[in-house]
Amino acid sequence: MSKALRLSEKWFQRGLWLVAFLFAGFLIGLGGKVVDNMNLVEEPLDVEQFIDARELATARRQVAAAEKITTNARELVEQARQKHKVADANTQSARETFDNWLATRSVTARSEQDPEVIARTRQLDTLKAEERKALAAVEAQEQRALDASQAQERARERIHELSAAAQPQYEKAMQLRELRVFGYRLALTLPLLLIAGWLWKTQRKSRWWPFVWGFIFFALFAFFVELVPYLPSYGGYVRYVVGILLTVVVGRQAILGLQRYLERQKAAEALPDTQRRENLGYDTALARMAKGVCPGCERHVDLKDPHLDFCPHCGIGLFNRCTACTTRKNAFTRFCFSCGTQAVANQA
């Protein structure tokens, strides 16, 4: 068909197809935003919405209280360890001093120093007692931190149990929510598909065909591409069912169209050559001959054969002679390519 069009007409056709694709692209962009934002129609769900509020609040308070106690106990443990470290250092220092003093006394062996031995021993006992007291404080704080940590873990396990118990209800609610959102999207895209089908049937060859085809592309993309990622796990059947229905409808129209076309061709081939030539459009006849087929019956013919003037299938005239210069020319052209004489109307 493009070989039979004027050069400007070819570029206009390409420009109009570009308009169709641009129109479809902008519609697809807008439609994608609308389809995506339909998820905001329904309130978001969380598993905590299906847990008893009082039990959840109690468990969370227990976690917070235990965490506070744990933090405080860890701070006190650090302080107690520091005190125990100081007490241990004091004890070690006193013991070393005492050992040195005992070594000196063993050399002198003076009996009047026995009370001092007793006093120094009591001092060491006191320091050791303080060291044990500091160590006990460390152990107490560690035990307190351990108890709080275990209480915190039990409270968290309780929250986990509550969440696990509420999970089936949450999943069921999520499925229902997804189904409702899918229904909203389907309610938007399915009518677009139906409108596109009606436009394809009635308006695809109208003056405004670029916008018609742009809308058709948009509707097909919105249904078969935009809708698919949001199909629920059990909703994939919709895509195939609609695809089957569309295939049946389009296939039925194609079959009926083919039958009507063959009937028209059969009826046209029965008409006189002159009437058939009048019914054929100029551009249509040239386009078919450019493809190497008969303009009347659309069967293949060898147009390069210099002896072929009529279609061997339907009998319509394909070539004739110019009335002025007798040059063999295309029977459907309006002027002789050799001398420029206008062709005689209805010339066989």
# chains A, B, ... in the order shown; residues from 1 in each chain; ligands from 1

call {"tool": "residues_around", "arguments": {"residues": "region 15-31 of chain A", "least_positions_apart": "4", "cutoff": "7 Å", "atoms": "only C-alpha atoms", "output": "VMD selection string"}}
result
chain A and resid 11 35 210 to 211 213 to 215 217 to 218 222

call {"tool": "residues_around", "arguments": {"residues": "region 132-137 of chain A", "least_positions_apart": "3", "cutoff": "9 Å", "atoms": "only C-alpha atoms", "output": "VMD selection string"}}
result
chain A and resid 77 80 to 85 87 to 88 127 to 129 140 to 142

call {"tool": "residues_around", "arguments": {"residues": "Val301 (chain A)", "least_positions_apart": "3", "cutoff": "8 Å", "atoms": "only C-alpha atoms", "output": "PyMOL selection string"}}
result
chain A and resi 292-294+311-312

call {"tool": "write_last_selection", "arguments": {"atoms": "N, CA and C atoms", "output": "short mmCIF file (atom, residue, chain, number, x, y, z; two decimals), in the first residue's frame"}}
result
data_model
loop_
_atom_site.label_atom_id
_atom_site.label_comp_id
_atom_site.auth_asym_id
_atom_site.auth_seq_id
_atom_site.Cartn_x
_atom_site.Cartn_y
_atom_site.Cartn_z
N GLY A 292 2.07 -7.33 -6.83
CA GLY A 292 2.10 -8.47 -7.76
C GLY A 292 0.85 -9.31 -7.73
N VAL A 293 -0.30 -8.71 -7.36
CA VAL A 293 -1.56 -9.46 -7.33
C VAL A 293 -2.57 -8.74 -8.20
N CYS A 294 -3.59 -9.47 -8.59
CA CYS A 294 -4.65 -8.90 -9.40
C CYS A 294 -5.49 -7.95 -8.56
N CYS A 311 -6.27 -10.82 -16.25
CA CYS A 311 -6.06 -11.75 -15.15
C CYS A 311 -6.55 -13.13 -15.56
N PRO A 312 -5.71 -14.17 -15.45
CA PRO A 312 -6.14 -15.51 -15.83
C PRO A 312 -7.12 -16.13 -14.84
#

call {"tool": "closest_atom_pairs", "arguments": {"of": "region 230-334 of chain A", "to": "region 339-342 of chain A", "cutoff": "9 Å", "atoms": "only C-alpha atoms", "output": "tab-separated table"}}
result
residue	atom	partner	partner_atom	distance
A:Cys322	CA	A:Thr341	CA	7.6
A:Thr323	CA	A:Thr341	CA	8.0
A:Ala324	CA	A:Thr341	CA	6.7
A:Cys325	CA	A:Cys339	CA	6.8
A:Thr327	CA	A:Cys339	CA	8.6
A:Thr333	CA	A:Gln342	CA	8.9
A:Arg334	CA	A:Gln342	CA	5.9

call {"tool": "residues_around", "arguments": {"residues": "Gln150 (chain A)", "least_positions_apart": "6", "cutoff": "12 Å", "atoms": "only C-alpha atoms", "output": "list in words"}}
result
Gln62, Val63, Ala66, Glu67, Ile69, Thr70, Gln143, Arg144, Arg156 and Glu157 of chain A

call {"tool": "closest_residue", "arguments": {"among": "A:Ala219, A:Asn279, A:Leu192, A:Ala155", "to": "Ala57 (chain A)", "atoms": "only C-alpha atoms"}}
result
A:Ala155

call {"tool": "closest_residue", "arguments": {"among": "A:Gly32, A:Pro168, A:Pro115, A:Gly243", "to": "Leu193 (chain A)", "atoms": "only C-alpha atoms"}}
result
A:Gly243

call {"tool": "select_by_dssp", "arguments": {"residues": "region 106-339 of chain A", "states": "strand (DSSP E or B)", "output": "VMD selection string"}}
result
chain A and resid 293 300 310 317 319 to 321 328 to 330 335
